[in-house]
$ cat work-v5.cif   # mmCIF, C-alpha atoms
data_structure
#
loop_
_atom_site.label_atom_id
_atom_site.label_comp_id
_atom_site.auth_asym_id
_atom_site.auth_seq_id
_atom_site.Cartn_x
_atom_site.Cartn_y
_atom_site.Cartn_z
CA MET R 285 -17.42 -26.24 -11.90
CA ASN R 286 -20.96 -25.67 -13.13
CA ALA R 287 -21.85 -22.91 -15.53
CA THR R 288 -23.34 -20.54 -12.94
CA LEU R 289 -20.29 -20.75 -10.72
CA ALA R 290 -17.96 -20.21 -13.66
CA ALA R 291 -19.92 -17.11 -14.69
CA ALA R 292 -19.81 -15.74 -11.16
CA SER R 293 -16.08 -16.31 -10.98
CA ALA R 294 -15.50 -14.58 -14.33
CA ALA R 295 -17.57 -11.61 -13.18
CA HIS R 296 -15.62 -11.46 -9.94
CA ILE R 297 -12.30 -11.22 -11.82
CA GLU R 298 -13.72 -8.73 -14.28
CA TYR R 299 -14.99 -6.57 -11.43
CA VAL R 300 -11.59 -6.51 -9.72
CA LEU R 301 -9.81 -5.79 -13.01
CA ARG R 302 -11.98 -2.74 -13.69
CA ILE R 303 -10.85 -1.19 -10.42
CA ALA R 304 -7.24 -2.37 -10.78
CA ASP R 305 -6.83 -1.14 -14.35
CA SER R 306 -8.39 2.23 -13.66
CA SER R 307 -5.88 2.83 -10.87
CA LEU R 308 -3.01 1.52 -12.98
CA ILE R 309 -3.69 3.61 -16.08
CA LEU R 310 -4.31 6.82 -14.14
CA GLY R 311 -1.12 6.11 -12.18
CA GLN R 312 0.77 5.80 -15.46
CA ARG R 313 -0.75 9.04 -16.76
CA LEU R 314 0.15 10.94 -13.59
CA ALA R 315 3.68 9.55 -13.71
CA GLU R 316 4.04 11.45 -17.00
CA TRP R 317 4.01 14.61 -14.87
CA CYS R 318 7.23 13.58 -13.12
CA GLY R 319 9.70 16.37 -13.79
CA HIS R 320 7.06 18.52 -15.52
CA GLY R 321 4.95 19.83 -12.62
CA PRO R 322 4.28 23.58 -12.50
CA VAL R 323 6.23 23.83 -9.24
CA ILE R 324 8.35 21.22 -7.53
CA GLU R 325 5.87 20.80 -4.69
CA GLU R 326 3.07 19.87 -7.13
CA ASP R 327 5.42 17.74 -9.18
CA ILE R 328 6.01 15.64 -6.08
CA ALA R 329 2.33 15.71 -5.09
CA LEU R 330 1.24 14.32 -8.46
CA THR R 331 3.84 11.58 -8.43
CA ASN R 332 2.81 10.72 -4.85
CA VAL R 333 -0.74 10.25 -6.10
CA ALA R 334 0.60 8.22 -9.03
CA LEU R 335 2.47 5.91 -6.65
CA ASP R 336 -0.61 5.47 -4.46
CA LEU R 337 -2.63 4.47 -7.51
CA ILE R 338 0.00 2.09 -8.82
CA GLY R 339 0.22 0.57 -5.34
CA GLN R 340 -3.54 -0.02 -5.38
CA SER R 341 -3.33 -1.63 -8.79
CA ARG R 342 -0.49 -3.90 -7.72
CA LEU R 343 -2.54 -5.33 -4.85
CA LEU R 344 -5.65 -5.65 -7.00
CA LEU R 345 -3.87 -7.23 -9.97
CA THR R 346 -2.12 -9.71 -7.71
CA HIS R 347 -5.53 -10.55 -6.27
CA ALA R 348 -7.10 -10.84 -9.72
CA GLY R 349 -4.30 -13.17 -10.77
CA LYS R 350 -5.01 -15.43 -7.79
CA LEU R 351 -8.74 -15.45 -8.51
CA GLU R 352 -8.00 -16.35 -12.09
CA GLY R 353 -5.78 -19.24 -11.00
CA ARG R 354 -3.72 -19.41 -14.16
CA GLY R 355 -0.50 -18.38 -12.50
CA ARG R 356 -0.43 -14.81 -13.79
CA ASP R 357 1.07 -12.28 -11.38
CA GLU R 358 0.73 -8.49 -11.20
CA ASP R 359 3.49 -7.91 -13.76
CA GLN R 360 2.02 -10.25 -16.32
CA LEU R 361 -1.40 -8.69 -15.95
CA ALA R 362 -0.09 -5.14 -16.11
CA PHE R 363 2.51 -5.54 -18.82
CA LEU R 364 1.53 -8.47 -21.01
CA ARG R 365 -2.15 -7.85 -21.66
CA SER R 366 -3.17 -6.10 -24.84
CA GLU R 367 -5.49 -3.16 -25.23
CA PRO R 368 -8.90 -4.91 -25.41
CA GLU R 369 -8.04 -6.89 -22.28
CA PHE R 370 -7.77 -3.72 -20.20
CA ARG R 371 -10.88 -2.87 -18.22
CA ASN R 372 -10.10 0.68 -17.09
CA LEU R 373 -12.59 3.52 -17.34
CA ALA R 374 -11.91 5.48 -20.50
CA ILE R 375 -11.52 8.78 -18.64
CA VAL R 376 -8.24 7.70 -17.06
CA GLU R 377 -6.56 6.92 -20.39
CA LEU R 378 -7.25 10.36 -21.89
CA PRO R 379 -4.12 12.48 -22.27
CA ASN R 380 -3.29 14.71 -19.30
CA GLY R 381 -3.77 18.03 -21.03
CA ASP R 382 -2.71 20.95 -18.84
CA PHE R 383 -2.31 20.87 -15.07
CA GLY R 384 -5.92 22.00 -14.58
CA ARG R 385 -7.36 19.18 -16.66
CA THR R 386 -5.16 16.64 -14.89
CA ILE R 387 -6.32 17.90 -11.50
CA LEU R 388 -9.96 17.97 -12.54
CA ARG R 389 -9.80 14.35 -13.67
CA ASN R 390 -8.12 13.38 -10.39
CA PHE R 391 -10.98 15.12 -8.63
CA LEU R 392 -13.75 13.40 -10.61
CA PHE R 393 -12.06 10.01 -10.26
CA ALA R 394 -11.17 10.28 -6.56
CA ALA R 395 -14.76 11.32 -5.83
CA PHE R 396 -15.79 8.07 -7.52
CA GLN R 397 -13.20 5.90 -5.78
CA ARG R 398 -14.17 7.19 -2.35
CA PRO R 399 -17.69 5.69 -2.16
CA LEU R 400 -16.43 2.63 -4.03
CA TRP R 401 -13.79 1.87 -1.37
CA GLN R 402 -16.34 2.57 1.34
CA ALA R 403 -18.75 0.02 -0.08
CA LEU R 404 -15.97 -2.49 -0.80
CA ALA R 405 -14.82 -2.39 2.82
CA GLY R 406 -17.82 -4.66 3.47
CA SER R 407 -17.10 -7.01 0.57
CA ALA R 408 -17.59 -10.76 0.94
CA ASP R 409 -14.15 -11.00 -0.68
CA ALA R 410 -11.92 -10.45 2.37
CA ASP R 411 -8.83 -9.52 0.33
CA LEU R 412 -10.76 -6.96 -1.65
CA ALA R 413 -12.17 -5.51 1.57
CA ALA R 414 -8.67 -5.17 3.04
CA ILE R 415 -7.33 -3.47 -0.09
CA ALA R 416 -10.29 -1.10 -0.03
CA GLY R 417 -9.64 -0.22 3.59
CA LYS R 418 -6.05 0.73 2.85
CA SER R 419 -6.86 2.57 -0.36
CA ALA R 420 -9.68 4.62 1.14
CA LYS R 421 -7.19 6.67 3.16
CA GLU R 422 -5.11 7.42 0.08
CA THR R 423 -8.16 8.43 -1.89
CA ARG R 424 -9.35 10.79 0.85
CA TYR R 425 -6.09 12.71 0.46
CA HIS R 426 -6.26 12.66 -3.36
CA LEU R 427 -9.75 14.10 -3.18
CA GLN R 428 -8.73 16.80 -0.74
CA HIS R 429 -5.70 17.76 -2.81
CA ALA R 430 -7.63 17.86 -6.08
CA SER R 431 -10.71 19.63 -4.65
CA ASP R 432 -8.52 22.36 -3.32
CA TRP R 433 -6.98 22.98 -6.72
CA VAL R 434 -10.28 22.74 -8.58
CA VAL R 435 -11.62 25.60 -6.46
CA ARG R 436 -8.44 27.66 -6.74
CA LEU R 437 -8.25 27.34 -10.51
CA GLY R 438 -11.98 27.41 -11.24
CA ASP R 439 -12.50 30.47 -9.08
CA GLY R 440 -9.11 31.91 -9.99
CA THR R 441 -8.15 34.14 -12.89
CA GLN R 442 -10.09 34.50 -16.11
CA GLU R 443 -7.54 32.31 -17.82
CA SER R 444 -7.59 29.53 -15.21
CA HIS R 445 -11.39 29.60 -15.06
CA ALA R 446 -11.69 29.30 -18.84
CA ARG R 447 -9.28 26.36 -18.91
CA MET R 448 -11.09 24.57 -16.10
CA GLN R 449 -14.46 25.03 -17.76
CA GLN R 450 -12.99 23.67 -20.99
CA ALA R 451 -11.57 20.71 -19.09
CA LEU R 452 -14.92 20.03 -17.44
CA ASP R 453 -16.73 20.18 -20.78
CA LEU R 454 -14.26 17.64 -22.14
CA LEU R 455 -14.19 15.26 -19.17
CA TRP R 456 -17.78 15.37 -17.97
CA PRO R 457 -19.24 13.10 -20.70
CA TYR R 458 -16.76 10.38 -19.73
CA THR R 459 -18.07 10.28 -16.15
CA ALA R 460 -21.31 8.68 -17.35
CA GLU R 461 -19.34 5.46 -17.78
CA PHE R 462 -18.70 5.29 -14.02
CA PHE R 463 -22.34 4.44 -13.47
CA SER R 464 -23.48 2.73 -16.65
CA PRO R 465 -25.04 -0.63 -15.77
CA SER R 466 -23.32 -3.88 -16.63
CA PRO R 467 -23.96 -7.61 -16.08
CA THR R 468 -20.66 -7.82 -14.19
CA ASP R 469 -21.99 -5.35 -11.64
CA GLU R 470 -25.22 -7.29 -11.23
CA VAL R 471 -23.35 -10.47 -10.40
CA ALA R 472 -20.91 -8.66 -8.10
CA ALA R 473 -23.76 -7.05 -6.20
CA ALA R 474 -25.78 -10.26 -5.99
CA THR R 475 -22.79 -12.17 -4.60
CA SER R 476 -21.81 -9.31 -2.23
CA ILE R 477 -18.42 -8.90 -3.90
CA GLY R 478 -19.04 -5.21 -4.36
CA PRO R 479 -21.62 -2.57 -5.16
CA ALA R 480 -23.14 -2.07 -8.57
CA TRP R 481 -21.39 1.12 -9.63
CA ALA R 482 -24.70 2.73 -10.58
CA SER R 483 -25.55 2.76 -6.87
CA LEU R 484 -22.60 5.10 -6.20
CA GLU R 485 -23.85 7.92 -8.41
CA ALA R 486 -25.76 9.81 -5.72
CA ASP R 487 -22.74 9.84 -3.37
CA TRP R 488 -20.46 10.89 -6.19
CA GLU R 489 -22.70 13.75 -7.26
CA ALA R 490 -23.09 14.90 -3.68
CA ALA R 491 -19.29 15.14 -3.44
CA VAL R 492 -18.69 16.66 -6.85
CA ARG R 493 -21.39 19.29 -7.27
CA PRO R 494 -20.65 21.51 -4.25
CA VAL R 495 -16.96 21.75 -5.17
CA LEU R 496 -17.72 22.60 -8.80
CA ASP R 497 -20.23 25.18 -7.57
CA VAL R 498 -17.68 26.88 -5.34
CA ALA R 499 -15.25 26.70 -8.25
CA THR R 500 -17.88 28.61 -10.30
CA LEU R 501 -17.80 25.91 -12.97
CA LYS R 502 -20.91 25.16 -14.97
CA LEU R 503 -22.02 21.55 -15.26
CA PRO R 504 -22.44 20.50 -18.87
CA ALA R 505 -25.72 18.83 -19.76
CA ARG R 506 -25.69 15.05 -19.97
CA THR R 507 -25.57 13.84 -23.57
CA PRO R 508 -26.11 10.42 -25.15
CA PHE R 509 -22.31 10.04 -25.44
CA GLY R 510 -20.97 7.02 -23.64
CA SER R 511 -17.48 5.56 -23.28
CA PHE R 512 -16.88 1.85 -22.80
CA GLY R 513 -13.42 1.39 -21.35
CA LYS R 514 -14.61 -0.94 -18.60
CA PHE R 515 -15.97 -3.23 -21.30
CA GLY R 516 -12.58 -3.26 -23.05
CA ARG R 517 -13.49 -0.80 -25.79
CA HIS R 518 -10.98 2.01 -25.57
CA THR R 519 -10.21 5.39 -27.03
CA GLU R 520 -7.26 5.70 -29.41
CA HIS R 521 -5.15 7.00 -26.50
CA LEU R 522 -4.68 3.72 -24.63
CA GLY R 523 -2.95 2.25 -27.66
CA HIS R 524 -0.23 4.88 -27.29
CA LEU R 525 0.05 4.61 -23.54
CA LEU R 526 0.50 0.83 -23.35
CA PRO R 527 3.67 0.44 -25.46
CA GLU R 528 5.45 2.97 -23.28
CA MET R 529 4.22 1.36 -20.06
CA GLN R 530 4.88 -2.19 -21.22
CA PHE R 531 8.01 -1.99 -23.31
CA LEU R 532 10.45 -3.13 -20.64
CA GLN R 533 8.54 -6.26 -19.68
CA ARG R 534 7.96 -7.06 -23.33
CA THR R 535 11.64 -6.51 -24.17
CA VAL R 536 12.94 -8.40 -21.12
CA PRO R 537 10.16 -10.86 -20.26
CA GLY R 538 10.15 -11.77 -16.60
CA GLY R 539 12.69 -9.07 -15.80
CA SER R 540 12.47 -7.69 -12.28
CA TRP R 541 14.31 -5.22 -10.08
CA MET M 141 5.24 42.12 -12.00
CA THR M 142 8.69 41.48 -10.62
CA GLU M 143 10.06 37.97 -10.39
CA SER M 144 9.92 37.95 -6.60
CA SER M 145 6.26 39.00 -6.40
CA ARG M 146 5.29 36.23 -8.84
CA GLN M 147 6.84 33.65 -6.53
CA TRP M 148 4.68 32.06 -3.88
CA PRO M 149 5.86 32.95 -0.39
CA LEU M 150 8.26 30.67 1.42
CA TRP M 151 7.14 28.60 4.42
CA GLU M 152 9.39 26.86 6.89
CA VAL M 153 8.37 23.31 7.73
CA PHE M 154 8.62 21.62 11.13
CA ILE M 155 7.87 17.93 11.55
CA ARG M 156 7.32 15.85 14.62
CA SER M 157 8.42 12.29 14.04
CA LYS M 158 6.58 9.31 15.45
CA ASN M 159 8.77 9.01 18.51
CA GLY M 160 9.94 12.58 18.69
CA LEU M 161 8.69 14.88 21.39
CA ASP M 162 9.16 18.14 19.55
CA HIS M 163 8.79 19.45 16.03
CA LYS M 164 12.08 19.79 14.18
CA HIS M 165 12.83 22.08 11.30
CA CYS M 166 13.26 20.01 8.17
CA GLY M 167 13.11 22.40 5.23
CA SER M 168 10.85 24.78 3.38
CA VAL M 169 8.18 24.88 0.69
CA HIS M 170 6.60 27.52 -1.49
CA ALA M 171 2.83 27.92 -1.23
CA PRO M 172 0.24 30.67 -1.75
CA ASP M 173 -1.39 30.10 1.64
CA ALA M 174 -1.21 28.11 4.87
CA LYS M 175 -3.50 25.30 3.75
CA MET M 176 -1.49 24.53 0.67
CA ALA M 177 1.76 24.97 2.58
CA LEU M 178 0.63 22.12 4.84
CA GLN M 179 -0.32 19.95 1.87
CA ASN M 180 2.96 20.66 0.11
CA ALA M 181 4.91 19.95 3.27
CA ARG M 182 3.06 16.65 3.60
CA ASP M 183 3.88 15.72 0.02
CA VAL M 184 7.49 16.81 0.08
CA TYR M 185 8.63 15.88 3.59
CA THR M 186 6.56 12.97 4.90
CA ARG M 187 6.79 10.50 2.02
CA ARG M 188 8.97 8.11 4.01
CA MET M 189 6.92 8.06 7.21
CA GLU M 190 8.95 10.88 8.71
CA GLY M 191 6.18 12.44 10.67
CA VAL M 192 2.88 12.44 12.49
CA SER M 193 2.46 16.20 12.83
CA ILE M 194 3.44 19.20 10.72
CA TRP M 195 3.82 22.87 11.50
CA VAL M 196 4.35 25.46 8.80
CA VAL M 197 5.15 29.10 9.37
CA ARG M 198 5.73 31.92 6.91
CA ALA M 199 9.48 32.33 6.62
CA ASP M 200 9.14 36.12 6.80
CA GLN M 201 7.37 35.75 10.16
CA ILE M 202 10.42 34.22 11.75
CA VAL M 203 12.64 36.64 13.62
CA ALA M 204 16.22 35.44 13.46
CA SER M 205 19.27 36.48 15.38
CA ASP M 206 21.89 38.44 13.47
CA PRO M 207 24.78 36.20 12.37
CA ASP M 208 27.13 39.16 12.83
CA ALA M 209 26.12 39.37 16.47
CA LYS M 210 27.36 35.86 17.22
CA PRO M 211 30.28 36.92 19.42
CA GLU M 212 28.23 38.93 21.91
CA MET M 213 25.23 36.60 21.70
CA PHE M 214 26.86 33.25 22.21
CA ASP M 215 30.52 33.44 23.14
CA PRO M 216 29.92 34.60 26.73
CA ALA M 217 28.39 31.18 27.51
CA GLU M 218 31.56 29.42 26.47
CA ASP M 219 33.47 29.57 29.76
CA LYS M 220 30.51 28.88 32.05
CA ILE M 221 30.79 25.19 32.16
CA TYR M 222 29.18 25.15 35.62
CA ARG M 223 25.84 25.77 33.93
CA HIS M 224 25.82 22.21 32.70
CA PRO M 225 24.22 19.85 35.16
CA THR M 226 27.16 17.47 34.98
CA PHE M 227 28.47 18.19 38.47
CA TYR M 228 25.59 16.60 40.29
CA GLN M 229 25.42 13.05 41.53
CA LEU M 230 22.08 11.75 40.32
CA PRO M 231 20.24 9.13 42.33
CA ASP M 232 19.86 5.92 40.33
CA GLU M 233 16.08 6.29 40.30
CA VAL M 234 16.25 9.45 38.21
CA ASN M 235 16.12 8.67 34.54
CA HIS M 236 16.08 10.80 31.43
CA MET M 237 18.20 13.70 32.58
#

$ encode --input "work-v5.cif" --output "C-alpha cells"
Amino acid sequence: MNATLAAASAAHIEYVLRIADSSLILGQRLAEWCGHGPVIEEDIALTNVALDLIGQSRLLLTHAGKLEGRGRDEDQLAFLRSEPEFRNLAIVELPNGDFGRTILRNFLFAAFQRPLWQALAGSADADLAAIAGKSAKETRYHLQHASDWVVRLGDGTQESHARMQQALDLLWPYTAEFFSPSPTDEVAAATSIGPAWASLEADWEAAVRPVLDVATLKLPARTPFGSFGKFGRHTEHLGHLLPEMQFLQRTVPGGSW
Amino acid sequence: MTESSRQWPLWEVFIRSKNGLDHKHCGSVHAPDAKMALQNARDVYTRRMEGVSIWVVRADQIVASDPDAKPEMFDPAEDKIYRHPTFYQLPDEVNHM
C-alpha cells in the first residue's frame, strides 16, 4: 500500500472511531442513570437512549475493526483500548450532573448527530451509510425527547431555569469541538466517506437555537476554550469512566455472555 | 402541597400491536401532560416491538362500572346462551366469524 492510501485508510478508521466512541461513552454515562431517574418513566427513557447509543457504537466499532484489519472486534475496541486511544468528543465524558444537565447534553449531542447521520446516509462507505440510516431514526427520537425537557425545565420554575442556565454555561464551550477542523475530516470529505464536521454547524445551530430560545435560556458567548477529545486528549473524567466500563473484559479477557 | 397534588396525573395506555386490529389496555404511566404521556408510554411499553400505535387517556377521564353492581350488570346475561352465534350453520365460504 502506498503512503497516500495508508493515510486515507487511517483517516477513515479515525473518522469512524470518533462517531463510535462518542456514542459509546455517552451510552455509558446515561447507563449510570439506571435506577436513579427522577421518575420511573424517565429512568427507562434514559436507559433506552443509552441502549440506542451503545447499539450504534457496537455497529460502528465492529466496522472500524474490519477496516483496521487487525482482527479486533467491538469488545476489544471498546474494552481494551486505553484513554488516549479513545476518540470521543469531550462533552460526552463529562459527569452527568443533575437530570437537567444530562438532558441538555443529550439535546446538544442529538442535534449534532442528526445532521451527521443525514450526511452519512450518502457515504461512499456502504456499511457506514447503512448504520447512519438506522441510527438517524433513533436520534430523531432522542432529540424530540430531550428538546421537550429542555423547554419544560428551561421555561419551568425559577429553580429549574437557574439549573438549566448553569448547565448550558458549563456545556456550551465543549460544543465548539463538534466543529473544529481536523485533517481527518478533510480526508473523509475528500474521499466521500463523510462530511467535514465543520460543515454541520449551520444545521446544528438552526436546530439548537430555537429550542433554547423557547426555553428562555441565554446563549453564552463563544470563548477561546477548546476541548480535544476527538484527537485523543481527554478531560480527567474519562480516566474514571473507563475502569468501570472496562473492568469485566480486563478481568476476564475474551469473556462473553 | 399534599403528596397527591405533587404527583403527576395518571394516564392509561392502550397499544395496538403490529397485527392487532384494536388498541388493548396494557398499563399506565405518570405524566404532566398528554405529549409526555405518549413519550413515556412509548419508552415504557413499546421497547420490545409491542406496538405500532399508542393511545393515552387521563385515568380520571375514564368512567368505570361499579364493581359492587356486578350482579345486576352482568349476571343476567349468564343464562342467555342463545345470544351466542353458535347455533347457526355457517356456509364454508364465511371466514372469520

$ interface_residues --input "work-v5.cif" --of "chain M" --to "chain R" --cutoff "8 Å" --atoms "all atoms listed in the file" --output "list in words"
Val169, His170, Gln179, Asn180, Asp183, Val184 and Arg187 of chain M

$ residues_around --input "work-v5.cif" --residues "Gly339 of chain R" --least-positions-apart "2" --cutoff "9 Å" --atoms "all atoms listed in the file" --output "list in words"
Ser307, Leu308, Gly311, Ala334, Leu335, Asp336, Leu337, Ser341, Arg342, Leu343, Leu344 and Ser419 of chain R

$ atom_distance --input "work-v5.cif" --atom1 "atom CA of Ala374 of chain R" --atom2 "atom CA of Arg398 of chain R"
18.4 Å

$ residues_around --input "work-v5.cif" --residues "His165 of chain M" --least-positions-apart "4" --cutoff "8 Å" --atoms "all atoms listed in the file" --output "VMD selection string"
chain M and resid 152 to 155

$ write_last_selection --input "work-v5.cif" --atoms "C-alpha atoms" --output "tab-separated table (two decimals), keeping the file's coordinate frame"
chain	number	residue	atom	x	y	z
M	152	GLU	CA	9.39	26.86	6.89
M	153	VAL	CA	8.37	23.31	7.73
M	154	PHE	CA	8.62	21.62	11.13
M	155	ILE	CA	7.87	17.93	11.55

$ residues_around --input "work-v5.cif" --residues "Gln340 of chain R" --least-positions-apart "6" --cutoff "12 Å" --atoms "all atoms listed in the file" --output "list in words"
Val300, Leu301, Ile303, Ala304, Asp305, Ser306, Ser307, Leu308, Ile309, Leu310, Gly311, Val333, Ala334, Thr346, His347, Glu358, Gln397, Trp401, Leu412, Ala414, Ile415, Ala416, Gly417, Lys418, Ser419, Ala420, Lys421, Glu422 and Thr423 of chain R

$ resolve_selection --input "work-v5.cif" --expression "the PyMOL selection byres ((chain R and resi 446-457) around 8)" --output "list of chain:residue names"
R:Ile375, R:Gly384, R:Arg385, R:Leu388, R:Arg389, R:Val434, R:Leu437, R:Gly438, R:Gln442, R:Glu443, R:Ser444, R:His445, R:Tyr458, R:Thr459, R:Ala460, R:Leu501, R:Lys502, R:Leu503, R:Pro504, R:Arg506, R:Thr507, R:Phe509, R:Gly510

$ residues_around --input "work-v5.cif" --residues "Leu400 of chain R" --least-positions-apart "4" --cutoff "10 Å" --atoms "all atoms listed in the file" --output "PyMOL selection string"
chain R and resi 303+394-396+404-405+416+420+478-481+483-484+487-488
